[in-house]
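K.L.:
My structure is stored as structure-v5.pdb, with PDB, C-alpha atoms.
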ATOM      1  CA  MET A   1       5.965 -16.407   1.189
ATOM      2  CA  ALA A   2       4.275 -13.029   1.274
ATOM      3  CA  LEU A   3       6.863 -11.842   3.800
ATOM      4  CA  LEU A   4       9.693 -12.601   1.384
ATOM      5  CA  HIS A   5       7.860 -10.761  -1.381
ATOM      6  CA  HIS A   6       7.451  -7.667   0.831
ATOM      7  CA  LEU A   7      11.098  -7.843   1.912
ATOM      8  CA  HIS A   8      12.224  -8.038  -1.710
ATOM      9  CA  ASP A   9      10.081  -5.023  -2.580
ATOM     10  CA  ALA A  10      11.488  -3.048   0.360
ATOM     11  CA  LEU A  11      15.084  -3.831  -0.565
ATOM     12  CA  SER A  12      14.588  -3.081  -4.244
ATOM     13  CA  VAL A  13      13.698   0.566  -3.562
ATOM     14  CA  LEU A  14      16.878   1.250  -1.551
ATOM     15  CA  PRO A  15      19.306   3.439  -3.482
ATOM     16  CA  ALA A  16      22.654   1.945  -4.462
ATOM     17  CA  GLN A  17      25.525   3.898  -2.959
ATOM     18  CA  ASP A  18      28.807   4.602  -4.671
ATOM     19  CA  PRO A  19      31.750   3.707  -2.361
ATOM     20  CA  SER A  20      34.249   5.820  -4.308
ATOM     21  CA  PRO A  21      34.130   8.901  -1.997
ATOM     22  CA  PHE A  22      35.507   6.744   0.808
ATOM     23  CA  ASP A  23      38.459   5.614  -1.307
ATOM     24  CA  GLU A  24      39.711   9.174  -1.758
ATOM     25  CA  VAL A  25      40.249   9.869   1.950
ATOM     26  CA  ALA A  26      43.679   8.863   3.264
ATOM     27  CA  PRO A  27      43.665   7.207   6.698
ATOM     28  CA  THR A  28      45.231   9.210   9.514
ATOM     29  CA  ALA A  29      46.338   8.111  12.969
ATOM     30  CA  PRO A  30      44.065   9.197  15.834
ATOM     31  CA  PRO A  31      45.345  11.702  18.378
ATOM     32  CA  GLY A  32      47.423  10.088  21.093
ATOM     33  CA  PHE A  33      48.398   7.152  18.886
ATOM     34  CA  GLU A  34      52.104   7.376  19.743
ATOM     35  CA  ALA A  35      51.350   7.370  23.490
ATOM     36  CA  ILE A  36      49.192   4.247  23.086
ATOM     37  CA  ARG A  37      51.913   2.595  21.025
ATOM     38  CA  GLN A  38      54.470   3.415  23.743
ATOM     39  CA  VAL A  39      52.290   1.925  26.504
ATOM     40  CA  VAL A  40      51.736  -1.247  24.458
ATOM     41  CA  GLY A  41      55.499  -1.452  23.917
ATOM     42  CA  TYR A  42      56.104  -1.232  27.667
ATOM     43  CA  LEU A  43      53.530  -3.954  28.330
ATOM     44  CA  GLN A  44      55.102  -6.143  25.681
ATOM     45  CA  TRP A  45      58.549  -5.663  27.224
ATOM     46  CA  ILE A  46      57.226  -6.470  30.718
ATOM     47  CA  ALA A  47      55.503  -9.628  29.441
ATOM     48  CA  GLY A  48      58.677 -10.811  27.703
ATOM     49  CA  ALA A  49      60.824 -10.128  30.758
ATOM     50  CA  SER A  50      58.321 -11.984  32.960
ATOM     51  CA  ILE A  51      58.450 -15.037  30.702
ATOM     52  CA  VAL A  52      62.253 -15.076  30.795
ATOM     53  CA  GLY A  53      62.202 -14.611  34.586
ATOM     54  CA  LEU A  54      59.720 -17.463  34.965
ATOM     55  CA  PHE A  55      61.959 -19.733  32.893
ATOM     56  CA  PHE A  56      65.092 -19.003  34.908
ATOM     57  CA  GLY A  57      63.157 -19.146  38.188
ATOM     58  CA  GLY A  58      61.938 -22.585  37.150
ATOM     59  CA  ILE A  59      65.500 -23.684  36.476
ATOM     60  CA  VAL A  60      66.571 -22.475  39.938
ATOM     61  CA  ALA A  61      63.600 -24.176  41.647
ATOM     62  CA  ALA A  62      64.105 -27.455  39.776
ATOM     63  CA  THR A  63      67.822 -27.465  40.487
ATOM     64  CA  ALA A  64      67.284 -26.695  44.171
ATOM     65  CA  GLY A  65      64.699 -29.465  44.383
ATOM     66  CA  ARG A  66      67.107 -31.964  42.856
ATOM     67  CA  LEU A  67      70.097 -30.879  44.950
ATOM     68  CA  TRP A  68      68.314 -30.954  48.306
ATOM     69  CA  ASP A  69      65.966 -33.823  47.442
ATOM     70  CA  HIS A  70      62.839 -31.714  47.771
ATOM     71  CA  HIS A  71      60.333 -33.212  45.349
ATOM     72  CA  GLY A  72      57.791 -30.410  45.656
ATOM     73  CA  SER A  73      60.304 -27.800  44.583
ATOM     74  CA  GLY A  74      61.522 -29.982  41.726
ATOM     75  CA  ARG A  75      57.979 -30.473  40.415
ATOM     76  CA  LEU A  76      57.211 -26.776  40.796
ATOM     77  CA  GLY A  77      60.356 -25.872  38.882
ATOM     78  CA  ALA A  78      59.456 -28.258  36.067
ATOM     79  CA  ARG A  79      55.967 -26.743  35.866
ATOM     80  CA  MET A  80      57.456 -23.261  35.779
ATOM     81  CA  ILE A  81      59.769 -24.204  32.909
ATOM     82  CA  ILE A  82      56.985 -25.827  30.894
ATOM     83  CA  GLY A  83      54.674 -22.902  31.641
ATOM     84  CA  SER A  84      57.254 -20.363  30.517
ATOM     85  CA  LEU A  85      57.808 -22.259  27.269
ATOM     86  CA  ALA A  86      54.057 -22.373  26.606
ATOM     87  CA  LEU A  87      53.757 -18.662  27.385
ATOM     88  CA  ALA A  88      56.663 -17.900  25.051
ATOM     89  CA  VAL A  89      54.883 -19.730  22.226
ATOM     90  CA  LEU A  90      51.636 -17.859  22.942
ATOM     91  CA  PHE A  91      53.531 -14.574  23.183
ATOM     92  CA  GLY A  92      55.110 -15.144  19.779
ATOM     93  CA  LEU A  93      51.853 -16.285  18.179
ATOM     94  CA  GLY A  94      49.899 -13.391  19.664
ATOM     95  CA  TYR A  95      52.320 -10.802  18.343
ATOM     96  CA  THR A  96      52.346 -12.430  14.905
ATOM     97  CA  LEU A  97      48.552 -12.705  14.707
ATOM     98  CA  ILE A  98      47.924  -9.141  15.869
ATOM     99  CA  SER A  99      50.534  -7.794  13.460
ATOM    100  CA  GLN A 100      49.003  -9.802  10.617
ATOM    101  CA  PHE A 101      45.489  -8.539  11.397
ATOM    102  CA  ALA A 102      46.753  -4.964  11.653
ATOM    103  CA  ASP A 103      48.521  -5.221   8.279
ATOM    104  CA  THR A 104      45.496  -6.663   6.491
ATOM    105  CA  THR A 105      43.083  -4.004   7.724
ATOM    106  CA  ALA A 106      45.335  -1.040   6.946
TER
END
Take the structure in the file and write it out as structure tokens.
P.N.:
Amino acid sequence: MALLHHLHDALSVLPAQDPSPFDEVAPTAPPGFEAIRQVVGYLQWIAGASIVGLFFGGIVAATAGRLWDHHGSGRLGARMIIGSLALAVLFGLGYTLISQFADTTA
């Protein structure tokens, strides 16, 4: 109980700070921001192209497995298609969530 009393006394002597000086400063982009944005754009494009390539590769593998009666290739193609669809959902959700977090903090 004495510890709480001492903690209350220590906190009561702290000065209250006015946050208004921080409101007057306009936020500015850090140096190199456009280069970072360009690199992220390239990575986003590569990820999207990889997902599309995985989907069409899965279609080719599944079709080849069905045509030539190769069950391993058919199963692999089905997994590739399902995986690409799951990645597309995660890709869309990730972009939406990151954009939402970036808008709320700015």
K.L.:
Report, in Å with one decimal, the straight-line distance from CA of Leu76 in chain A to CA of Ala49 in chain A.
P.N.:
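Taking CA of Leu76 in chain A and CA of Ala49 in chain A, their separation equals 19.8 Å.
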K.L.:
Could you give me, as a list in words, the residues within 9 Å of range 84-89 of chain A, counting all atoms listed in the file and dropping anything in the same chain fewer than 2 positions from it?
P.N.:
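Near range 84-89 of chain A, the qualifying residues are Gly48, Ser50, Ile51, Val52, Gly53, Leu54, Phe55, Gly58, Arg79, Met80, Ile81, Ile82, Phe91, Gly92, Leu93 and Gly94 of chain A.
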K.L.:
Please indicate the distance in Å from CA of Ala26 in chain A to CA of Asp103 in chain A, rounded to one decimal place.
P.N.:
15.7 Å
K.L.:
Would you compute the distance between CA of Pro27 in chain A and CA of Leu43 in chain A? Give it in Å to one decimal.
P.N.:
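These atoms are spaced 26.3 Å apart.
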K.L.:
Given 3 Å on each side, where is the centre and what are the edge lengths in Å to one decimal of the axis-aligned box enclosing the listed atoms of range 81-86 of chain A, as JSON?
P.N.:
{"center_x": 56.9, "center_y": -23.1, "center_z": 29.8, "size_x": 11.7, "size_y": 11.5, "size_z": 12.3}
K.L.:
How would you write, as a PyMOL selection string, the residues chosen by the PyMOL selection byres ((chain A and resi 62) around 12) on this structure?
P.N.:
chain A and resi 54-61+63-82
